[in-house]
$ cat query_20.pdb   # PDB, C-alpha atoms
ATOM      1  CA  MET A 903      31.153 203.042  61.323
ATOM      2  CA  ARG A 904      32.114 202.646  57.678
ATOM      3  CA  ILE A 905      33.712 206.127  57.630
ATOM      4  CA  LEU A 906      35.688 205.284  60.772
ATOM      5  CA  PHE A 907      36.929 202.043  59.164
ATOM      6  CA  ILE A 908      37.991 203.836  55.967
ATOM      7  CA  THR A 909      39.715 206.608  57.929
ATOM      8  CA  LEU A 910      41.561 204.097  60.100
ATOM      9  CA  SER A 911      42.612 202.082  57.048
ATOM     10  CA  CYS A 912      43.977 205.204  55.337
ATOM     11  CA  PHE A 913      45.831 206.208  58.497
ATOM     12  CA  LEU A 914      47.452 202.778  58.822
ATOM     13  CA  ALA A 915      48.432 202.742  55.142
ATOM     14  CA  CYS A 916      50.026 206.182  55.438
ATOM     15  CA  ALA A 917      51.810 205.243  58.660
ATOM     16  CA  SER A 918      53.363 202.171  57.042
ATOM     17  CA  LEU A 919      54.740 204.361  54.245
ATOM     18  CA  ALA A 920      56.078 207.040  56.610
ATOM     19  CA  GLN A 921      59.605 208.329  56.171
ATOM     20  CA  VAL A 922      62.162 206.664  58.418
ATOM     21  CA  LYS A 923      65.070 208.608  59.931
ATOM     22  CA  MET A 924      68.667 207.441  59.891
ATOM     23  CA  ARG A 925      68.849 207.388  63.693
ATOM     24  CA  ASP A 926      66.061 204.754  63.703
ATOM     25  CA  VAL A 927      67.876 202.684  61.078
ATOM     26  CA  LEU A 928      71.137 202.945  63.036
ATOM     27  CA  LYS A 929      69.432 201.809  66.248
ATOM     28  CA  LYS A 930      67.999 198.719  64.523
ATOM     29  CA  MET A 931      71.145 197.796  62.563
ATOM     30  CA  PRO A 932      71.897 194.102  63.126
ATOM     31  CA  GLU A 933      75.056 193.368  65.080
ATOM     32  CA  THR A 934      76.053 190.859  62.390
ATOM     33  CA  LEU A 935      76.994 193.770  60.080
ATOM     34  CA  VAL A 936      79.564 195.153  62.534
ATOM     35  CA  PRO A 937      79.932 192.566  65.339
ATOM     36  CA  TYR A 938      82.323 194.703  67.367
ATOM     37  CA  LEU A 939      79.876 197.649  67.503
ATOM     38  CA  LYS A 940      77.124 196.567  69.866
ATOM     39  CA  GLU A 941      73.651 198.094  70.145
ATOM     40  CA  ASN A 942      74.544 200.089  73.281
ATOM     41  CA  ALA A 943      77.469 201.713  71.445
ATOM     42  CA  ARG A 944      75.161 202.740  68.569
ATOM     43  CA  LEU A 945      72.655 204.179  71.053
ATOM     44  CA  ASP A 946      75.506 206.059  72.761
ATOM     45  CA  PHE A 947      76.471 207.534  69.375
ATOM     46  CA  ILE A 948      73.015 209.060  69.042
ATOM     47  CA  ASP A 949      72.932 210.302  72.648
ATOM     48  CA  PHE A 950      76.362 211.940  72.276
ATOM     49  CA  ILE A 951      75.381 213.643  68.993
ATOM     50  CA  ASP A 952      72.112 214.876  70.536
ATOM     51  CA  SER A 953      74.087 216.309  73.473
ATOM     52  CA  GLY A 954      76.497 218.130  71.166
ATOM     53  CA  MET A 955      79.378 215.895  72.258
ATOM     54  CA  ARG A 956      81.944 213.996  70.225
ATOM     55  CA  ALA A 957      80.266 210.657  69.403
ATOM     56  CA  GLU A 958      83.144 208.305  70.189
ATOM     57  CA  VAL A 959      82.689 204.908  71.852
ATOM     58  CA  ASN A 960      84.805 201.881  72.745
ATOM     59  CA  ASN A 961      84.365 199.015  70.317
ATOM     60  CA  GLY A 962      84.796 195.263  70.725
ATOM     61  CA  LEU A 963      88.258 195.386  69.137
ATOM     62  CA  GLU A 964      89.619 197.315  72.131
ATOM     63  CA  GLY A 965      89.705 200.472  70.035
ATOM     64  CA  LYS A 966      87.511 203.474  69.345
ATOM     65  CA  SER A 967      84.696 204.019  66.843
ATOM     66  CA  GLU A 968      83.233 207.436  66.072
ATOM     67  CA  LEU A 969      79.996 208.587  64.496
ATOM     68  CA  THR A 970      81.303 211.554  62.506
ATOM     69  CA  LYS A 971      78.062 212.655  60.834
ATOM     70  CA  LEU A 972      74.369 212.013  61.380
ATOM     71  CA  THR A 973      71.485 213.606  59.478
ATOM     72  CA  ASP A 974      67.940 212.424  58.827
ATOM     73  CA  VAL A 975      69.144 210.471  55.762
ATOM     74  CA  TYR A 976      72.887 209.909  56.239
ATOM     75  CA  ALA A 977      75.351 208.479  58.767
ATOM     76  CA  SER A 978      79.116 208.105  58.643
ATOM     77  CA  ILE A 979      81.017 206.017  61.187
ATOM     78  CA  LYS A 980      84.771 205.665  61.493
ATOM     79  CA  LEU A 981      84.801 202.084  62.747
ATOM     80  CA  THR A 982      88.570 201.680  63.178
ATOM     81  CA  LYS A 983      91.699 203.384  61.861
ATOM     82  CA  ALA A 984      91.341 201.338  58.677
ATOM     83  CA  SER A 985      87.587 200.949  58.231
ATOM     84  CA  GLN A 986      84.643 203.248  57.543
ATOM     85  CA  LEU A 987      80.888 202.704  57.297
ATOM     86  CA  ASP A 988      78.601 205.110  55.440
ATOM     87  CA  MET A 989      74.831 204.711  55.191
ATOM     88  CA  ARG A 990      72.226 206.660  53.249
ATOM     89  CA  LEU A 991      68.478 206.361  53.060
ATOM     90  CA  LEU A 992      67.281 206.388  49.464
ATOM     91  CA  ASP A 993      63.705 207.168  48.452
ATOM     92  CA  VAL A 994      62.208 204.542  46.153
ATOM     93  CA  ASN A 995      59.492 205.013  43.539
ATOM     94  CA  THR A 996      57.943 201.624  44.330
ATOM     95  CA  PRO A 997      57.657 200.748  48.035
ATOM     96  CA  VAL A 998      59.879 197.893  49.207
ATOM     97  CA  ASN A 999      58.307 195.876  52.035
ATOM     98  CA  ASP A1000      55.779 198.700  52.514
ATOM     99  CA  ALA A1001      58.542 201.302  52.962
ATOM    100  CA  LYS A1002      59.258 204.296  50.742
ATOM    101  CA  GLN A1003      62.990 204.063  51.443
ATOM    102  CA  ILE A1004      65.867 201.608  51.354
ATOM    103  CA  VAL A1005      69.277 201.718  53.028
ATOM    104  CA  CYS A1006      72.472 201.957  50.987
ATOM    105  CA  LEU A1007      75.483 200.802  52.977
ATOM    106  CA  VAL A1008      79.103 201.376  51.897
ATOM    107  CA  GLN A1009      81.898 199.717  53.864
ATOM    108  CA  THR A1010      85.457 200.860  53.150
ATOM    109  CA  TYR A1011      88.618 199.088  54.291
ATOM    110  CA  GLY A1012      92.332 199.844  54.130
ATOM    111  CA  SER A1013      94.737 202.653  54.952
ATOM    112  CA  ASP A1014      97.037 203.328  52.004
ATOM    113  CA  ILE A1015      94.962 201.574  49.375
ATOM    114  CA  ARG A1016      91.258 201.577  50.170
ATOM    115  CA  GLU A1017      88.517 199.357  48.807
ATOM    116  CA  SER A1018      84.770 199.584  49.295
ATOM    117  CA  THR A1019      81.810 197.249  49.111
ATOM    118  CA  ILE A1020      78.203 198.306  48.613
ATOM    119  CA  SER A1021      75.006 196.663  49.765
ATOM    120  CA  PHE A1022      71.343 197.582  49.958
ATOM    121  CA  TYR A1023      68.798 196.745  52.647
ATOM    122  CA  THR A1024      65.181 197.364  53.467
ATOM    123  CA  THR A1025      64.662 199.726  56.408
ATOM    124  CA  ASP A1026      64.109 196.650  58.582
ATOM    125  CA  TRP A1027      67.493 195.244  57.422
ATOM    126  CA  LYS A1028      66.561 192.600  54.893
ATOM    127  CA  LEU A1029      69.281 192.272  52.244
ATOM    128  CA  LEU A1030      68.382 193.373  48.707
ATOM    129  CA  ASP A1031      70.094 192.393  45.459
ATOM    130  CA  ALA A1032      72.772 195.060  44.847
ATOM    131  CA  SER A1033      72.993 194.231  41.122
ATOM    132  CA  GLU A1034      69.428 195.536  40.711
ATOM    133  CA  ARG A1035      70.418 198.881  42.285
ATOM    134  CA  VAL A1036      73.807 199.695  40.721
ATOM    135  CA  GLU A1037      76.191 198.360  38.081
ATOM    136  CA  LEU A1038      79.809 199.021  39.035
ATOM    137  CA  PRO A1039      82.999 198.208  37.126
ATOM    138  CA  GLN A1040      84.648 194.928  38.154
ATOM    139  CA  GLU A1041      87.730 196.474  39.726
ATOM    140  CA  MET A1042      89.001 197.704  43.061
ATOM    141  CA  LEU A1043      86.920 200.807  43.895
ATOM    142  CA  LEU A1044      86.711 203.456  46.578
ATOM    143  CA  LEU A1045      83.009 204.319  46.908
ATOM    144  CA  THR A1046      81.752 207.582  48.373
ATOM    145  CA  LEU A1047      78.089 208.180  49.227
ATOM    146  CA  GLY A1048      76.788 211.720  48.930
ATOM    147  CA  ASP A1049      75.731 213.066  52.305
ATOM    148  CA  GLU A1050      73.553 215.842  50.877
ATOM    149  CA  GLU A1051      72.505 214.449  47.496
ATOM    150  CA  PRO A1052      71.695 210.813  46.676
ATOM    151  CA  THR A1053      74.877 210.226  44.680
ATOM    152  CA  LEU A1054      77.609 207.615  44.597
ATOM    153  CA  ILE A1055      81.166 208.296  43.406
ATOM    154  CA  ALA A1056      83.258 205.312  42.301
ATOM    155  CA  THR A1057      87.001 205.959  42.192
ATOM    156  CA  PRO A1058      89.290 203.209  40.836
ATOM    157  CA  GLU A1059      91.957 202.179  43.340
ATOM    158  CA  CYS A1060      94.174 200.348  40.861
ATOM    159  CA  ARG A1061      97.433 202.111  41.629
ATOM    160  CA  LEU A1062      99.812 200.199  43.826
ATOM    161  CA  ASP A1063     102.563 202.817  43.791
ATOM    162  CA  ALA A1064     102.701 206.511  43.083
ATOM    163  CA  PRO A1065     103.003 207.269  39.335
ATOM    164  CA  ALA A1066     106.641 207.418  38.244
ATOM    165  CA  ASN A1067     106.036 210.083  35.600
ATOM    166  CA  ASP A1068     103.409 212.327  34.025
ATOM    167  CA  GLU A1069     102.531 209.708  31.405
ATOM    168  CA  GLN A1070     101.487 207.266  34.125
ATOM    169  CA  LYS A1071      99.354 209.985  35.740
ATOM    170  CA  MET A1072      97.482 210.375  32.448
ATOM    171  CA  MET A1073      96.659 206.652  32.490
ATOM    172  CA  GLU A1074      94.784 206.821  35.794
ATOM    173  CA  LYS A1075      91.077 206.133  35.391
ATOM    174  CA  PRO A1076      88.708 208.962  36.330
ATOM    175  CA  SER A1077      86.007 208.702  38.971
ATOM    176  CA  LYS A1078      82.466 207.897  37.895
ATOM    177  CA  THR A1079      79.478 209.595  39.486
ATOM    178  CA  PHE A1080      76.133 207.852  39.822
ATOM    179  CA  LYS A1081      72.843 209.537  40.699
ATOM    180  CA  TRP A1082      69.892 207.810  42.372
ATOM    181  CA  ASN A1083      66.722 207.854  40.246
ATOM    182  CA  GLY A1084      64.307 206.224  42.678
ATOM    183  CA  GLU A1085      65.105 202.683  41.523
ATOM    184  CA  ARG A1086      68.875 202.499  40.969
ATOM    185  CA  PHE A1087      72.117 204.469  40.706
ATOM    186  CA  ASN A1088      72.755 205.541  37.098
ATOM    187  CA  LYS A1089      75.867 207.218  35.644
ATOM    188  CA  TYR A1090      75.622 210.915  34.851
TER     189      TYR A1090
END

$ encode --input "query_20.pdb" --output "structure tokens"
Amino acid sequence: MRILFITLSCFLACASLAQVKMRDVLKKMPETLVPYLKENARLDFIDFIDSGMRAEVNNGLEGKSELTKLTDVYASIKLTKASQLDMRLLDVNTPVNDAKQIVCLVQTYGSDIRESTISFYTTDWKLLDASERVELPQEMLLLTLGDEEPTLIATPECRLDAPANDEQKMMEKPSKTFKWNGERFNKY
């Protein structure tokens, strides 16, 4: 009986720390994050991808949204013509709410000039403090999540017009790349 109890306890502990897949995270995403993309639309995304079809659905803004990429750890959704949502599962060294992963979510808005926001969640969608996970410059940034590697690229979007000459081009700030270390994104 004691061996059965120990075995069952180990099994339950391992199950609670099991790896989650992005499709599960996408299914459980709260509608408050993207109110015009209902649960049925997100489920349709997954069904269309699984069927080898283009994953495009009608959204609540009387437009189209498209899941453009889905892997076990990454998803990219073109929400509207001027908005994008990218999500990546990140492995953590110390479990958060009994999970070995957290969700990094980057929302990008705009057409000509684009700006992104970043947030972090547990795999059951509880908001985490972003300042504990990454330190970004206080400026308008275009953020890009790596779909194959756990990286984040921050590109300043400070230009309002095209540079008038070569000297202005030289003044543009370069992109910064951050790599996930199991706790936070650090520059490298």

$ residues_near_point --input "query_20.pdb" --point "(68.9, 201.8, 61.3)" --cutoff "12 Å" --atoms "all atoms listed in the file" --output "number ranges by chain"
A: 922-933, 935, 941, 944-945, 948, 972, 974-977, 988-991, 1003-1007, 1023-1028

$ residues_around --input "query_20.pdb" --residues "A:Thr996" --least-positions-apart "2" --cutoff "12 Å" --atoms "all atoms listed in the file" --output "PyMOL selection string"
chain A and resi 919+992-994+998-1004+1083-1086

$ atom_distance --input "query_20.pdb" --atom1 "atom CA of A:Gln986" --atom2 "atom CA of A:Phe1080"
20.2 Å

$ axis_aligned_box --input "query_20.pdb" --around "stretch 1074-1080 of chain A" --padding-each-side "8 Å" --output "AutoDock Vina command-line options"
--center_x 85.5 --center_y 207.9 --center_z 37.6 --size_x 34.7 --size_y 19.5 --size_z 20.4

$ resolve_selection --input "query_20.pdb" --expression "the PyMOL selection byres ((chain A and resi 1039-1047) around 12)" --output "ChimeraX atom specification"
/A:975-978,985-992,1005-1021,1033,1036-1038,1048-1062,1075-1082,1087,1089

$ atom_distance --input "query_20.pdb" --atom1 "atom CA of A:Lys980" --atom2 "atom CA of A:Ser967"
5.6 Å

$ atom_distance --input "query_20.pdb" --atom1 "atom CA of A:Asp949" --atom2 "atom CA of A:Leu1029"
27.5 Å

$ residues_around --input "query_20.pdb" --residues "A:Val959" --least-positions-apart "6" --cutoff "8 Å" --atoms "only C-alpha atoms" --output "list in words"
Ala943, Asp946, Phe947, Lys966, Ser967 and Glu968 of chain A

$ closest_residue --input "query_20.pdb" --among "A:Leu969, A:Leu963, A:Ala984, A:Val936" --to "A:Ile951" --atoms "only C-alpha atoms"
A:Leu969

$ decode --input "query_20.pdb" --residues "stretch 969-1005 of chain A" --atoms "N, CA, C and O atoms" --output "PDB file, in the first residue's frame"
ATOM      1  N   LEU A 969      -4.406  32.526 -38.123  1.00  0.00           N
ATOM      2  CA  LEU A 969      -3.308  31.872 -37.413  1.00  0.00           C
ATOM      3  C   LEU A 969      -2.283  31.518 -38.482  1.00  0.00           C
ATOM      4  O   LEU A 969      -2.525  30.665 -39.323  1.00  0.00           O
ATOM      5  N   THR A 970      -1.149  32.209 -38.483  1.00  0.00           N
ATOM      6  CA  THR A 970      -0.162  32.015 -39.547  1.00  0.00           C
ATOM      7  C   THR A 970       0.891  30.969 -39.211  1.00  0.00           C
ATOM      8  O   THR A 970       1.515  30.415 -40.107  1.00  0.00           O
ATOM      9  N   LYS A 971       1.090  30.706 -37.907  1.00  0.00           N
ATOM     10  CA  LYS A 971       2.066  29.681 -37.522  1.00  0.00           C
ATOM     11  C   LYS A 971       1.679  29.101 -36.177  1.00  0.00           C
ATOM     12  O   LYS A 971       1.311  29.826 -35.261  1.00  0.00           O
ATOM     13  N   LEU A 972       1.788  27.772 -36.080  1.00  0.00           N
ATOM     14  CA  LEU A 972       1.532  27.081 -34.820  1.00  0.00           C
ATOM     15  C   LEU A 972       2.503  25.924 -34.694  1.00  0.00           C
ATOM     16  O   LEU A 972       2.555  25.056 -35.549  1.00  0.00           O
ATOM     17  N   THR A 973       3.307  25.951 -33.618  1.00  0.00           N
ATOM     18  CA  THR A 973       4.187  24.834 -33.279  1.00  0.00           C
ATOM     19  C   THR A 973       3.857  24.427 -31.843  1.00  0.00           C
ATOM     20  O   THR A 973       2.942  24.983 -31.231  1.00  0.00           O
ATOM     21  N   ASP A 974       4.609  23.525 -31.292  1.00  0.00           N
ATOM     22  CA  ASP A 974       4.378  23.111 -29.905  1.00  0.00           C
ATOM     23  C   ASP A 974       4.638  24.242 -28.914  1.00  0.00           C
ATOM     24  O   ASP A 974       4.084  24.249 -27.818  1.00  0.00           O
ATOM     25  N   VAL A 975       5.502  25.220 -29.295  1.00  0.00           N
ATOM     26  CA  VAL A 975       5.877  26.277 -28.362  1.00  0.00           C
ATOM     27  C   VAL A 975       5.587  27.690 -28.862  1.00  0.00           C
ATOM     28  O   VAL A 975       5.846  28.664 -28.162  1.00  0.00           O
ATOM     29  N   TYR A 976       5.053  27.834 -30.065  1.00  0.00           N
ATOM     30  CA  TYR A 976       4.910  29.164 -30.662  1.00  0.00           C
ATOM     31  C   TYR A 976       3.611  29.279 -31.456  1.00  0.00           C
ATOM     32  O   TYR A 976       3.179  28.324 -32.098  1.00  0.00           O
ATOM     33  N   ALA A 977       3.002  30.461 -31.412  1.00  0.00           N
ATOM     34  CA  ALA A 977       1.838  30.763 -32.247  1.00  0.00           C
ATOM     35  C   ALA A 977       1.920  32.214 -32.690  1.00  0.00           C
ATOM     36  O   ALA A 977       2.349  33.088 -31.930  1.00  0.00           O
ATOM     37  N   SER A 978       1.529  32.449 -33.937  1.00  0.00           N
ATOM     38  CA  SER A 978       1.479  33.801 -34.475  1.00  0.00           C
ATOM     39  C   SER A 978       0.126  33.999 -35.143  1.00  0.00           C
ATOM     40  O   SER A 978      -0.277  33.206 -35.990  1.00  0.00           O
ATOM     41  N   ILE A 979      -0.569  35.064 -34.748  1.00  0.00           N
ATOM     42  CA  ILE A 979      -1.909  35.335 -35.257  1.00  0.00           C
ATOM     43  C   ILE A 979      -1.955  36.755 -35.806  1.00  0.00           C
ATOM     44  O   ILE A 979      -1.650  37.714 -35.090  1.00  0.00           O
ATOM     45  N   LYS A 980      -2.350  36.867 -37.068  1.00  0.00           N
ATOM     46  CA  LYS A 980      -2.623  38.184 -37.643  1.00  0.00           C
ATOM     47  C   LYS A 980      -4.062  38.496 -37.268  1.00  0.00           C
ATOM     48  O   LYS A 980      -5.003  37.929 -37.829  1.00  0.00           O
ATOM     49  N   LEU A 981      -4.237  39.368 -36.274  1.00  0.00           N
ATOM     50  CA  LEU A 981      -5.560  39.655 -35.744  1.00  0.00           C
ATOM     51  C   LEU A 981      -6.385  40.505 -36.709  1.00  0.00           C
ATOM     52  O   LEU A 981      -7.539  40.206 -36.989  1.00  0.00           O
ATOM     53  N   THR A 982      -5.788  41.595 -37.178  1.00  0.00           N
ATOM     54  CA  THR A 982      -6.407  42.494 -38.149  1.00  0.00           C
ATOM     55  C   THR A 982      -5.298  42.967 -39.093  1.00  0.00           C
ATOM     56  O   THR A 982      -4.146  42.560 -38.949  1.00  0.00           O
ATOM     57  N   LYS A 983      -5.648  43.864 -39.999  1.00  0.00           N
ATOM     58  CA  LYS A 983      -4.623  44.404 -40.904  1.00  0.00           C
ATOM     59  C   LYS A 983      -3.554  45.180 -40.139  1.00  0.00           C
ATOM     60  O   LYS A 983      -2.430  45.295 -40.605  1.00  0.00           O
ATOM     61  N   ALA A 984      -3.900  45.682 -38.965  1.00  0.00           N
ATOM     62  CA  ALA A 984      -2.959  46.513 -38.215  1.00  0.00           C
ATOM     63  C   ALA A 984      -2.612  45.956 -36.842  1.00  0.00           C
ATOM     64  O   ALA A 984      -2.096  46.684 -35.997  1.00  0.00           O
ATOM     65  N   SER A 985      -2.880  44.678 -36.597  1.00  0.00           N
ATOM     66  CA  SER A 985      -2.513  44.122 -35.294  1.00  0.00           C
ATOM     67  C   SER A 985      -2.105  42.657 -35.409  1.00  0.00           C
ATOM     68  O   SER A 985      -2.641  41.913 -36.222  1.00  0.00           O
ATOM     69  N   GLN A 986      -1.139  42.294 -34.588  1.00  0.00           N
ATOM     70  CA  GLN A 986      -0.517  40.968 -34.597  1.00  0.00           C
ATOM     71  C   GLN A 986      -0.374  40.491 -33.162  1.00  0.00           C
ATOM     72  O   GLN A 986      -0.133  41.279 -32.255  1.00  0.00           O
ATOM     73  N   LEU A 987      -0.513  39.185 -32.957  1.00  0.00           N
ATOM     74  CA  LEU A 987      -0.323  38.582 -31.643  1.00  0.00           C
ATOM     75  C   LEU A 987       0.625  37.408 -31.802  1.00  0.00           C
ATOM     76  O   LEU A 987       0.385  36.522 -32.620  1.00  0.00           O
ATOM     77  N   ASP A 988       1.714  37.420 -31.050  1.00  0.00           N
ATOM     78  CA  ASP A 988       2.676  36.317 -31.051  1.00  0.00           C
ATOM     79  C   ASP A 988       2.804  35.802 -29.628  1.00  0.00           C
ATOM     80  O   ASP A 988       2.870  36.584 -28.677  1.00  0.00           O
ATOM     81  N   MET A 989       2.832  34.479 -29.496  1.00  0.00           N
ATOM     82  CA  MET A 989       2.949  33.843 -28.180  1.00  0.00           C
ATOM     83  C   MET A 989       4.036  32.782 -28.234  1.00  0.00           C
ATOM     84  O   MET A 989       4.187  32.099 -29.241  1.00  0.00           O
ATOM     85  N   ARG A 990       4.777  32.656 -27.135  1.00  0.00           N
ATOM     86  CA  ARG A 990       5.804  31.625 -27.046  1.00  0.00           C
ATOM     87  C   ARG A 990       5.807  31.058 -25.640  1.00  0.00           C
ATOM     88  O   ARG A 990       5.724  31.795 -24.658  1.00  0.00           O
ATOM     89  N   LEU A 991       5.891  29.754 -25.565  1.00  0.00           N
ATOM     90  CA  LEU A 991       6.078  29.089 -24.277  1.00  0.00           C
ATOM     91  C   LEU A 991       7.559  29.135 -23.936  1.00  0.00           C
ATOM     92  O   LEU A 991       8.406  28.817 -24.776  1.00  0.00           O
ATOM     93  N   LEU A 992       7.854  29.527 -22.715  1.00  0.00           N
ATOM     94  CA  LEU A 992       9.235  29.613 -22.246  1.00  0.00           C
ATOM     95  C   LEU A 992       9.424  28.667 -21.069  1.00  0.00           C
ATOM     96  O   LEU A 992       8.640  28.704 -20.110  1.00  0.00           O
ATOM     97  N   ASP A 993      10.436  27.826 -21.135  1.00  0.00           N
ATOM     98  CA  ASP A 993      10.759  26.944 -20.015  1.00  0.00           C
ATOM     99  C   ASP A 993      11.331  27.779 -18.881  1.00  0.00           C
ATOM    100  O   ASP A 993      12.115  28.709 -19.116  1.00  0.00           O
ATOM    101  N   VAL A 994      10.935  27.459 -17.658  1.00  0.00           N
ATOM    102  CA  VAL A 994      11.450  28.174 -16.490  1.00  0.00           C
ATOM    103  C   VAL A 994      12.228  27.217 -15.597  1.00  0.00           C
ATOM    104  O   VAL A 994      11.904  26.041 -15.493  1.00  0.00           O
ATOM    105  N   ASN A 995      13.279  27.746 -14.977  1.00  0.00           N
ATOM    106  CA  ASN A 995      14.113  26.944 -14.076  1.00  0.00           C
ATOM    107  C   ASN A 995      13.357  26.583 -12.794  1.00  0.00           C
ATOM    108  O   ASN A 995      13.506  25.493 -12.260  1.00  0.00           O
ATOM    109  N   THR A 996      12.576  27.529 -12.293  1.00  0.00           N
ATOM    110  CA  THR A 996      11.783  27.327 -11.087  1.00  0.00           C
ATOM    111  C   THR A 996      10.316  27.299 -11.482  1.00  0.00           C
ATOM    112  O   THR A 996       9.829  28.266 -12.071  1.00  0.00           O
ATOM    113  N   PRO A 997       9.606  26.206 -11.198  1.00  0.00           N
ATOM    114  CA  PRO A 997       8.197  26.123 -11.605  1.00  0.00           C
ATOM    115  C   PRO A 997       7.370  27.314 -11.104  1.00  0.00           C
ATOM    116  O   PRO A 997       7.574  27.815 -10.004  1.00  0.00           O
ATOM    117  N   VAL A 998       6.461  27.769 -11.954  1.00  0.00           N
ATOM    118  CA  VAL A 998       5.552  28.855 -11.621  1.00  0.00           C
ATOM    119  C   VAL A 998       4.151  28.247 -11.571  1.00  0.00           C
ATOM    120  O   VAL A 998       3.676  27.726 -12.574  1.00  0.00           O
ATOM    121  N   ASN A 999       3.522  28.315 -10.427  1.00  0.00           N
ATOM    122  CA  ASN A 999       2.208  27.668 -10.225  1.00  0.00           C
ATOM    123  C   ASN A 999       2.249  26.211 -10.651  1.00  0.00           C
ATOM    124  O   ASN A 999       1.373  25.737 -11.372  1.00  0.00           O
ATOM    125  N   ASP A1000       3.275  25.498 -10.263  1.00  0.00           N
ATOM    126  CA  ASP A1000       3.456  24.073 -10.557  1.00  0.00           C
ATOM    127  C   ASP A1000       3.636  23.771 -12.040  1.00  0.00           C
ATOM    128  O   ASP A1000       3.425  22.641 -12.468  1.00  0.00           O
ATOM    129  N   ALA A1001       4.003  24.751 -12.842  1.00  0.00           N
ATOM    130  CA  ALA A1001       4.234  24.526 -14.271  1.00  0.00           C
ATOM    131  C   ALA A1001       5.690  24.853 -14.600  1.00  0.00           C
ATOM    132  O   ALA A1001       6.280  25.764 -14.023  1.00  0.00           O
ATOM    133  N   LYS A1002       6.238  24.108 -15.536  1.00  0.00           N
ATOM    134  CA  LYS A1002       7.632  24.307 -15.948  1.00  0.00           C
ATOM    135  C   LYS A1002       7.755  25.318 -17.086  1.00  0.00           C
ATOM    136  O   LYS A1002       8.825  25.516 -17.614  1.00  0.00           O
ATOM    137  N   GLN A1003       6.641  25.953 -17.449  1.00  0.00           N
ATOM    138  CA  GLN A1003       6.647  26.918 -18.535  1.00  0.00           C
ATOM    139  C   GLN A1003       5.794  28.123 -18.183  1.00  0.00           C
ATOM    140  O   GLN A1003       4.897  28.039 -17.345  1.00  0.00           O
ATOM    141  N   ILE A1004       6.088  29.238 -18.862  1.00  0.00           N
ATOM    142  CA  ILE A1004       5.236  30.417 -18.813  1.00  0.00           C
ATOM    143  C   ILE A1004       4.973  30.840 -20.250  1.00  0.00           C
ATOM    144  O   ILE A1004       5.647  30.382 -21.181  1.00  0.00           O
ATOM    145  N   VAL A1005       3.992  31.720 -20.425  1.00  0.00           N
ATOM    146  CA  VAL A1005       3.626  32.217 -21.748  1.00  0.00           C
ATOM    147  C   VAL A1005       4.132  33.647 -21.887  1.00  0.00           C
ATOM    148  O   VAL A1005       3.874  34.491 -21.029  1.00  0.00           O
TER     149      VAL A1005
END
